[in-house]
file data-v2.tsv (TSV, N, CA and C atoms)
chain	number	residue	atom	x	y	z
A	1	MET	N	-7.71	1.08	-5.46
A	1	MET	CA	-7.62	2.53	-5.45
A	1	MET	C	-8.82	3.07	-4.67
A	2	ASP	N	-8.58	3.95	-3.75
A	2	ASP	CA	-9.65	4.56	-2.96
A	2	ASP	C	-10.12	5.82	-3.68
A	3	HIS	N	-11.32	5.75	-4.25
A	3	HIS	CA	-11.84	6.87	-5.03
A	3	HIS	C	-12.52	7.92	-4.15
A	4	SER	N	-12.69	7.63	-2.87
A	4	SER	CA	-13.45	8.53	-2.00
A	4	SER	C	-12.81	9.91	-1.86
A	5	ASN	N	-11.50	10.02	-2.03
A	5	ASN	CA	-10.83	11.32	-1.91
A	5	ASN	C	-10.58	12.00	-3.25
A	6	HIS	N	-11.02	11.36	-4.33
A	6	HIS	CA	-10.80	11.94	-5.65
A	6	HIS	C	-11.81	13.04	-5.92
A	7	ILE	N	-11.38	14.04	-6.66
A	7	ILE	CA	-12.21	15.20	-6.93
A	7	ILE	C	-13.05	14.95	-8.18
A	8	ARG	N	-14.39	15.09	-8.04
A	8	ARG	CA	-15.30	14.90	-9.17
A	8	ARG	C	-15.10	16.03	-10.16
A	9	LEU	N	-15.20	15.69	-11.46
A	9	LEU	CA	-15.07	16.72	-12.49
A	9	LEU	C	-16.30	17.60	-12.51
A	10	THR	N	-16.09	18.87	-12.79
A	10	THR	CA	-17.21	19.78	-12.96
A	10	THR	C	-17.77	19.62	-14.37
A	11	GLU	N	-18.94	20.15	-14.61
A	11	GLU	CA	-19.56	20.09	-15.94
A	11	GLU	C	-18.63	20.70	-17.00
A	12	ALA	N	-17.96	21.79	-16.65
A	12	ALA	CA	-17.06	22.46	-17.60
A	12	ALA	C	-15.85	21.59	-17.96
A	13	GLU	N	-15.48	20.66	-17.08
A	13	GLU	CA	-14.33	19.78	-17.34
A	13	GLU	C	-14.69	18.54	-18.15
A	14	MET	N	-15.98	18.35	-18.43
A	14	MET	CA	-16.44	17.16	-19.15
A	14	MET	C	-16.26	17.38	-20.65
A	15	THR	N	-15.01	17.41	-21.08
A	15	THR	CA	-14.67	17.65	-22.48
A	15	THR	C	-13.96	16.43	-23.07
A	16	GLN	N	-13.95	16.37	-24.40
A	16	GLN	CA	-13.23	15.29	-25.06
A	16	GLN	C	-11.77	15.25	-24.64
A	17	ALA	N	-11.15	16.41	-24.57
A	17	ALA	CA	-9.73	16.48	-24.21
A	17	ALA	C	-9.47	15.86	-22.84
A	18	ASN	N	-10.38	16.06	-21.91
A	18	ASN	CA	-10.20	15.52	-20.56
A	18	ASN	C	-10.60	14.06	-20.42
A	19	LEU	N	-11.62	13.62	-21.19
A	19	LEU	CA	-12.20	12.30	-20.94
A	19	LEU	C	-11.69	11.19	-21.85
A	20	GLU	N	-11.30	11.52	-23.08
A	20	GLU	CA	-10.83	10.47	-23.98
A	20	GLU	C	-9.54	9.87	-23.44
A	21	GLY	N	-9.51	8.55	-23.40
A	21	GLY	CA	-8.36	7.82	-22.86
A	21	GLY	C	-8.49	7.49	-21.39
A	22	ALA	N	-9.52	8.01	-20.73
A	22	ALA	CA	-9.70	7.76	-19.30
A	22	ALA	C	-10.04	6.29	-19.05
A	23	ASN	N	-9.41	5.71	-18.04
A	23	ASN	CA	-9.74	4.36	-17.62
A	23	ASN	C	-11.04	4.37	-16.86
A	24	ILE	N	-11.76	3.24	-16.92
A	24	ILE	CA	-13.02	3.07	-16.19
A	24	ILE	C	-12.85	1.88	-15.26
A	25	TYR	N	-13.23	2.08	-13.99
A	25	TYR	CA	-13.12	1.04	-12.97
A	25	TYR	C	-14.51	0.61	-12.51
A	26	GLY	N	-14.69	-0.71	-12.37
A	26	GLY	CA	-15.97	-1.28	-11.96
A	26	GLY	C	-16.14	-1.31	-10.46
A	27	PRO	N	-17.23	-1.98	-10.00
A	27	PRO	CA	-17.57	-1.96	-8.58
A	27	PRO	C	-16.52	-2.58	-7.66
A	28	ASP	N	-15.72	-3.52	-8.16
A	28	ASP	CA	-14.67	-4.11	-7.33
A	28	ASP	C	-13.31	-3.52	-7.65
A	29	ASP	N	-13.32	-2.33	-8.26
A	29	ASP	CA	-12.12	-1.57	-8.60
A	29	ASP	C	-11.28	-2.24	-9.69
A	30	GLU	N	-11.90	-3.16	-10.43
A	30	GLU	CA	-11.23	-3.77	-11.58
A	30	GLU	C	-11.37	-2.83	-12.77
A	31	LYS	N	-10.30	-2.68	-13.55
A	31	LYS	CA	-10.39	-1.88	-14.77
A	31	LYS	C	-11.30	-2.62	-15.74
A	32	VAL	N	-12.39	-1.95	-16.15
A	32	VAL	CA	-13.35	-2.59	-17.05
A	32	VAL	C	-13.26	-2.07	-18.47
A	33	GLY	N	-12.55	-0.97	-18.68
A	33	GLY	CA	-12.40	-0.44	-20.02
A	33	GLY	C	-11.77	0.94	-20.01
A	34	SER	N	-11.77	1.55	-21.19
A	34	SER	CA	-11.26	2.92	-21.31
A	34	SER	C	-12.06	3.64	-22.40
A	35	ILE	N	-12.15	4.94	-22.26
A	35	ILE	CA	-12.93	5.75	-23.19
A	35	ILE	C	-12.09	6.04	-24.42
A	36	SER	N	-12.62	5.67	-25.59
A	36	SER	CA	-11.89	5.93	-26.83
A	36	SER	C	-12.43	7.16	-27.55
A	37	GLU	N	-13.68	7.52	-27.24
A	37	GLU	CA	-14.29	8.66	-27.94
A	37	GLU	C	-15.51	9.13	-27.16
A	38	LEU	N	-15.82	10.41	-27.29
A	38	LEU	CA	-17.06	10.97	-26.75
A	38	LEU	C	-17.91	11.44	-27.91
A	39	ILE	N	-19.20	11.20	-27.80
A	39	ILE	CA	-20.16	11.67	-28.80
A	39	ILE	C	-21.16	12.54	-28.06
A	40	VAL	N	-21.27	13.79	-28.47
A	40	VAL	CA	-22.22	14.70	-27.84
A	40	VAL	C	-23.42	14.86	-28.75
A	41	ARG	N	-24.56	14.43	-28.24
A	41	ARG	CA	-25.85	14.58	-28.92
A	41	ARG	C	-26.79	15.22	-27.91
A	42	ASN	N	-26.85	16.54	-27.96
A	42	ASN	CA	-27.62	17.26	-26.94
A	42	ASN	C	-28.98	16.64	-26.78
A	43	PRO	N	-29.39	16.37	-25.56
A	43	PRO	CA	-28.73	16.72	-24.30
A	43	PRO	C	-27.80	15.62	-23.79
A	44	ASP	N	-27.59	14.56	-24.57
A	44	ASP	CA	-26.82	13.42	-24.08
A	44	ASP	C	-25.35	13.48	-24.47
A	45	MET	N	-24.53	12.87	-23.63
A	45	MET	CA	-23.13	12.64	-23.97
A	45	MET	C	-22.93	11.13	-23.87
A	46	LEU	N	-22.43	10.55	-24.97
A	46	LEU	CA	-22.21	9.12	-25.03
A	46	LEU	C	-20.72	8.83	-24.98
A	47	ALA	N	-20.36	7.80	-24.25
A	47	ALA	CA	-18.97	7.37	-24.17
A	47	ALA	C	-18.81	6.11	-25.00
A	48	VAL	N	-17.86	6.14	-25.92
A	48	VAL	CA	-17.48	4.95	-26.67
A	48	VAL	C	-16.35	4.31	-25.88
A	49	VAL	N	-16.56	3.06	-25.45
A	49	VAL	CA	-15.67	2.41	-24.50
A	49	VAL	C	-15.08	1.14	-25.10
A	50	ASP	N	-13.77	0.99	-24.98
A	50	ASP	CA	-13.09	-0.25	-25.34
A	50	ASP	C	-13.07	-1.12	-24.09
A	51	VAL	N	-13.67	-2.31	-24.21
A	51	VAL	CA	-13.80	-3.22	-23.08
A	51	VAL	C	-12.99	-4.49	-23.35
A	52	GLY	N	-12.21	-4.92	-22.35
A	52	GLY	CA	-11.46	-6.17	-22.47
A	52	GLY	C	-10.29	-6.03	-23.40
A	53	GLY	N	-9.71	-7.16	-23.72
A	53	GLY	CA	-8.57	-7.17	-24.63
A	53	GLY	C	-7.30	-6.69	-23.95
A	54	PHE	N	-6.25	-6.63	-24.76
A	54	PHE	CA	-4.95	-6.17	-24.28
A	54	PHE	C	-4.36	-5.28	-25.35
A	55	LEU	N	-4.09	-4.03	-25.00
A	55	LEU	CA	-3.55	-3.04	-25.94
A	55	LEU	C	-4.42	-2.93	-27.19
A	56	GLY	N	-5.74	-3.01	-26.98
A	56	GLY	CA	-6.69	-2.85	-28.08
A	56	GLY	C	-6.92	-4.11	-28.89
A	57	ILE	N	-6.17	-5.18	-28.61
A	57	ILE	CA	-6.35	-6.43	-29.35
A	57	ILE	C	-7.35	-7.29	-28.58
A	58	GLY	N	-8.40	-7.72	-29.28
A	58	GLY	CA	-9.40	-8.56	-28.65
A	58	GLY	C	-10.42	-7.79	-27.83
A	59	SER	N	-10.41	-6.48	-27.94
A	59	SER	CA	-11.37	-5.69	-27.17
A	59	SER	C	-12.66	-5.54	-27.97
A	60	LYS	N	-13.72	-5.21	-27.27
A	60	LYS	CA	-15.02	-4.92	-27.87
A	60	LYS	C	-15.31	-3.46	-27.61
A	61	THR	N	-15.83	-2.77	-28.60
A	61	THR	CA	-16.17	-1.36	-28.45
A	61	THR	C	-17.67	-1.22	-28.28
A	62	VAL	N	-18.07	-0.60	-27.18
A	62	VAL	CA	-19.49	-0.41	-26.86
A	62	VAL	C	-19.76	1.06	-26.60
A	63	THR	N	-21.02	1.42	-26.59
A	63	THR	CA	-21.42	2.80	-26.30
A	63	THR	C	-22.36	2.80	-25.11
A	64	LEU	N	-22.14	3.73	-24.19
A	64	LEU	CA	-23.08	3.90	-23.09
A	64	LEU	C	-23.22	5.37	-22.76
A	65	ASN	N	-24.33	5.70	-22.15
A	65	ASN	CA	-24.58	7.07	-21.76
A	65	ASN	C	-23.58	7.45	-20.67
A	66	ALA	N	-22.95	8.60	-20.83
A	66	ALA	CA	-21.91	9.03	-19.88
A	66	ALA	C	-22.45	9.26	-18.48
A	67	ASP	N	-23.77	9.39	-18.33
A	67	ASP	CA	-24.31	9.58	-16.98
A	67	ASP	C	-24.23	8.29	-16.15
A	68	ARG	N	-23.83	7.18	-16.77
A	68	ARG	CA	-23.60	5.93	-16.04
A	68	ARG	C	-22.18	5.86	-15.48
A	69	LEU	N	-21.40	6.92	-15.72
A	69	LEU	CA	-20.02	6.99	-15.27
A	69	LEU	C	-19.84	8.17	-14.32
A	70	ASP	N	-18.98	8.00	-13.34
A	70	ASP	CA	-18.66	9.05	-12.38
A	70	ASP	C	-17.20	9.45	-12.65
A	71	PHE	N	-17.01	10.63	-13.24
A	71	PHE	CA	-15.68	11.08	-13.64
A	71	PHE	C	-15.01	11.85	-12.52
A	72	MET	N	-13.70	11.61	-12.35
A	72	MET	CA	-12.94	12.26	-11.27
A	72	MET	C	-11.46	12.29	-11.60
A	73	ARG	N	-10.71	13.02	-10.78
A	73	ARG	CA	-9.24	13.08	-10.89
A	73	ARG	C	-8.65	12.45	-9.64
A	74	ASP	N	-7.57	11.69	-9.83
A	74	ASP	CA	-6.89	11.12	-8.67
A	74	ASP	C	-5.88	12.13	-8.12
A	75	GLU	N	-5.10	11.70	-7.16
A	75	GLU	CA	-4.15	12.59	-6.49
A	75	GLU	C	-3.11	13.18	-7.44
A	76	SER	N	-2.81	12.46	-8.53
A	76	SER	CA	-1.82	12.96	-9.48
A	76	SER	C	-2.46	13.77	-10.61
A	77	GLY	N	-3.80	13.92	-10.58
A	77	GLY	CA	-4.49	14.70	-11.60
A	77	GLY	C	-5.00	13.89	-12.78
A	78	THR	N	-4.79	12.57	-12.75
A	78	THR	CA	-5.23	11.71	-13.85
A	78	THR	C	-6.74	11.51	-13.80
A	79	VAL	N	-7.40	11.76	-14.93
A	79	VAL	CA	-8.85	11.59	-15.02
A	79	VAL	C	-9.17	10.12	-15.22
A	80	HIS	N	-10.17	9.65	-14.51
A	80	HIS	CA	-10.68	8.29	-14.66
A	80	HIS	C	-12.16	8.31	-14.29
A	81	ALA	N	-12.81	7.16	-14.44
A	81	ALA	CA	-14.23	7.08	-14.12
A	81	ALA	C	-14.50	5.79	-13.36
A	82	THR	N	-15.59	5.80	-12.60
A	82	THR	CA	-16.07	4.59	-11.96
A	82	THR	C	-17.48	4.32	-12.46
A	83	THR	N	-17.87	3.06	-12.37
A	83	THR	CA	-19.21	2.65	-12.77
A	83	THR	C	-19.63	1.48	-11.89
A	84	MET	N	-20.92	1.25	-11.81
A	84	MET	CA	-21.44	0.09	-11.09
A	84	MET	C	-21.50	-1.12	-12.02
A	85	MET	N	-21.16	-0.95	-13.29
A	85	MET	CA	-21.19	-2.05	-14.24
A	85	MET	C	-19.91	-2.88	-14.14
A	86	THR	N	-20.05	-4.20	-14.27
A	86	THR	CA	-18.89	-5.07	-14.30
A	86	THR	C	-18.38	-5.17	-15.74
A	87	LYS	N	-17.20	-5.76	-15.91
A	87	LYS	CA	-16.64	-5.95	-17.24
A	87	LYS	C	-17.57	-6.83	-18.08
A	88	ASP	N	-18.13	-7.88	-17.48
A	88	ASP	CA	-19.05	-8.76	-18.21
A	88	ASP	C	-20.31	-8.02	-18.64
A	89	GLU	N	-20.84	-7.16	-17.78
A	89	GLU	CA	-22.03	-6.37	-18.15
A	89	GLU	C	-21.71	-5.43	-19.30
A	90	MET	N	-20.53	-4.84	-19.28
A	90	MET	CA	-20.13	-3.96	-20.38
A	90	MET	C	-19.98	-4.75	-21.67
A	91	LYS	N	-19.36	-5.93	-21.58
A	91	LYS	CA	-19.19	-6.76	-22.78
A	91	LYS	C	-20.52	-7.19	-23.38
A	92	ASP	N	-21.58	-7.26	-22.54
A	92	ASP	CA	-22.90	-7.67	-23.00
A	92	ASP	C	-23.64	-6.55	-23.74
A	93	LEU	N	-23.13	-5.31	-23.67
A	93	LEU	CA	-23.76	-4.19	-24.39
A	93	LEU	C	-23.57	-4.40	-25.90
A	94	PRO	N	-24.49	-3.86	-26.72
A	94	PRO	CA	-24.32	-3.97	-28.18
A	94	PRO	C	-23.03	-3.30	-28.63
A	95	GLU	N	-22.43	-3.87	-29.65
A	95	GLU	CA	-21.19	-3.31	-30.19
A	95	GLU	C	-21.46	-1.96	-30.84
A	96	HIS	N	-20.53	-1.04	-30.64
A	96	HIS	CA	-20.61	0.31	-31.24
A	96	HIS	C	-20.42	0.19	-32.75
A	97	SER	N	-21.27	0.92	-33.49
A	97	SER	CA	-21.12	0.86	-34.95
A	97	SER	C	-20.85	2.23	-35.52

call {"tool": "encode", "arguments": {"input": "data-v2.tsv", "output": "structure tokens"}}
result
Amino acid sequence: MDHSNHIRLTEAEMTQANLEGANIYGPDDEKVGSISELIVRNPDMLAVVDVGGFLGIGSKTVTLNADRLDFMRDESGTVHATTMMTKDEMKDLPEHS
């Protein structure tokens, strides 16, 4: 997927309704996870991410600062994010509690 033409979300669009369920793609455009929840702790926004597994089975849930993600909409309007982290790097993060 070529993300270069996708429109970045504005600050006002960075809401739970828009971001929860969004897929996350790594540096080689591999799907590395999806956002299951957002936690807002001013001034930070944390993304709870399901990494790996299939249909939620065998996945690991981790938390990372949302500023490590670049949120955008594709041509069909679907919100997703990119990151420089690989799936293995995400799996190495501490489990969300």

call {"tool": "residues_around", "arguments": {"input": "data-v2.tsv", "residues": "Lys91 of chain A", "least_positions_apart": "5", "cutoff": "7 Å", "atoms": "all atoms listed in the file", "output": "mmCIF file with N, CA and C atoms, keeping the file's coordinate frame"}}
result
data_model
loop_
_atom_site.group_PDB
_atom_site.id
_atom_site.type_symbol
_atom_site.label_atom_id
_atom_site.label_comp_id
_atom_site.auth_asym_id
_atom_site.auth_seq_id
_atom_site.Cartn_x
_atom_site.Cartn_y
_atom_site.Cartn_z
ATOM 1 N N VAL A 51 -13.670 -2.310 -24.210
ATOM 2 C CA VAL A 51 -13.800 -3.220 -23.080
ATOM 3 C C VAL A 51 -12.990 -4.490 -23.350
ATOM 4 N N LYS A 60 -13.720 -5.210 -27.270
ATOM 5 C CA LYS A 60 -15.020 -4.920 -27.870
ATOM 6 C C LYS A 60 -15.310 -3.460 -27.610
ATOM 7 N N THR A 86 -20.050 -4.200 -14.270
ATOM 8 C CA THR A 86 -18.890 -5.070 -14.300
ATOM 9 C C THR A 86 -18.380 -5.170 -15.740
#

call {"tool": "atom_distance", "arguments": {"input": "data-v2.tsv", "atom1": "atom C of Ile24 of chain A", "atom2": "atom N of His80 of chain A"}}
result
8.3 Å

call {"tool": "atom_distance", "arguments": {"input": "data-v2.tsv", "atom1": "atom CA of Gly53 of chain A", "atom2": "atom C of Glu95 of chain A"}}
result
15.2 Å

call {"tool": "atom_distance", "arguments": {"input": "data-v2.tsv", "atom1": "atom CA of Lys31 of chain A", "atom2": "atom N of Pro43 of chain A"}}
result
28.5 Å

call {"tool": "select_by_dssp", "arguments": {"input": "data-v2.tsv", "residues": "segment 22-90 of chain A", "states": "helix (DSSP H, G or I)", "output": "list in words"}}
result
Ala66, Asp67, Arg68, Lys87, Asp88, Glu89 and Met90 of chain A

call {"tool": "residues_around", "arguments": {"input": "data-v2.tsv", "residues": "Leu46 of chain A", "least_positions_apart": "2", "cutoff": "7 Å", "atoms": "only C-alpha atoms", "output": "list in words"}}
result
Leu38, Ile39, Val40, Asp44, Val48, Thr63, Leu64, Asn65 and Ala66 of chain A

call {"tool": "closest_residue", "arguments": {"input": "data-v2.tsv", "among": "A:Thr10, A:Asn23, A:Asn18, A:Ser97", "to": "Val62 of chain A", "atoms": "only N, CA and C atoms"}}
result
A:Ser97

call {"tool": "closest_residue", "arguments": {"input": "data-v2.tsv", "among": "A:Thr83, A:Asp88, A:Gly33, A:Phe71", "to": "His6 of chain A", "atoms": "all atoms listed in the file"}}
result
A:Phe71

call {"tool": "axis_aligned_box", "arguments": {"input": "data-v2.tsv", "around": "segment 52-71 of chain A", "padding_each_side": "4 Å", "output": "lines of an AutoDock Vina configuration file"}}
result
center_x = -14.1
center_y = 1.6
center_z = -20.9
size_x = 29.0
size_y = 28.4
size_z = 25.0

call {"tool": "residues_around", "arguments": {"input": "data-v2.tsv", "residues": "Arg68 of chain A", "least_positions_apart": "5", "cutoff": "8 Å", "atoms": "all atoms listed in the file", "output": "PDB file with N, CA and C atoms, in the frame of the given file"}}
result
ATOM      1  N   ALA A  81     -12.810   7.160 -14.440  1.00  0.00           N
ATOM      2  CA  ALA A  81     -14.230   7.080 -14.120  1.00  0.00           C
ATOM      3  C   ALA A  81     -14.500   5.790 -13.360  1.00  0.00           C
ATOM      4  N   THR A  82     -15.590   5.800 -12.600  1.00  0.00           N
ATOM      5  CA  THR A  82     -16.070   4.590 -11.960  1.00  0.00           C
ATOM      6  C   THR A  82     -17.480   4.320 -12.460  1.00  0.00           C
ATOM      7  N   THR A  83     -17.870   3.060 -12.370  1.00  0.00           N
ATOM      8  CA  THR A  83     -19.210   2.650 -12.770  1.00  0.00           C
ATOM      9  C   THR A  83     -19.630   1.480 -11.890  1.00  0.00           C
ATOM     10  N   MET A  84     -20.920   1.250 -11.810  1.00  0.00           N
ATOM     11  CA  MET A  84     -21.440   0.090 -11.090  1.00  0.00           C
ATOM     12  C   MET A  84     -21.500  -1.120 -12.020  1.00  0.00           C
ATOM     13  N   MET A  85     -21.160  -0.950 -13.290  1.00  0.00           N
ATOM     14  CA  MET A  85     -21.190  -2.050 -14.240  1.00  0.00           C
ATOM     15  C   MET A  85     -19.910  -2.880 -14.140  1.00  0.00           C
TER      16      MET A  85
END

call {"tool": "closest_residue", "arguments": {"input": "data-v2.tsv", "among": "A:Met45, A:Leu9, A:Val79, A:Leu69", "to": "Val32 of chain A", "atoms": "only C-alpha atoms"}}
result
A:Leu69

call {"tool": "closest_residue", "arguments": {"input": "data-v2.tsv", "among": "A:Ser59, A:Lys87, A:Asp92, A:Asp74", "to": "Pro27 of chain A", "atoms": "only N, CA and C atoms"}}
result
A:Lys87

call {"tool": "select_by_dssp", "arguments": {"input": "data-v2.tsv", "residues": "chain A", "states": "strand (DSSP E or B)", "output": "ChimeraX atom specification"}}
result
/A:7-8,23-25,31-41,44-51,54,57,60-65,70-73,79-82,95

call {"tool": "closest_residue", "arguments": {"input": "data-v2.tsv", "among": "A:Arg73, A:His96, A:Arg41, A:Arg8", "to": "Ala22 of chain A", "atoms": "only C-alpha atoms"}}
result
A:Arg73
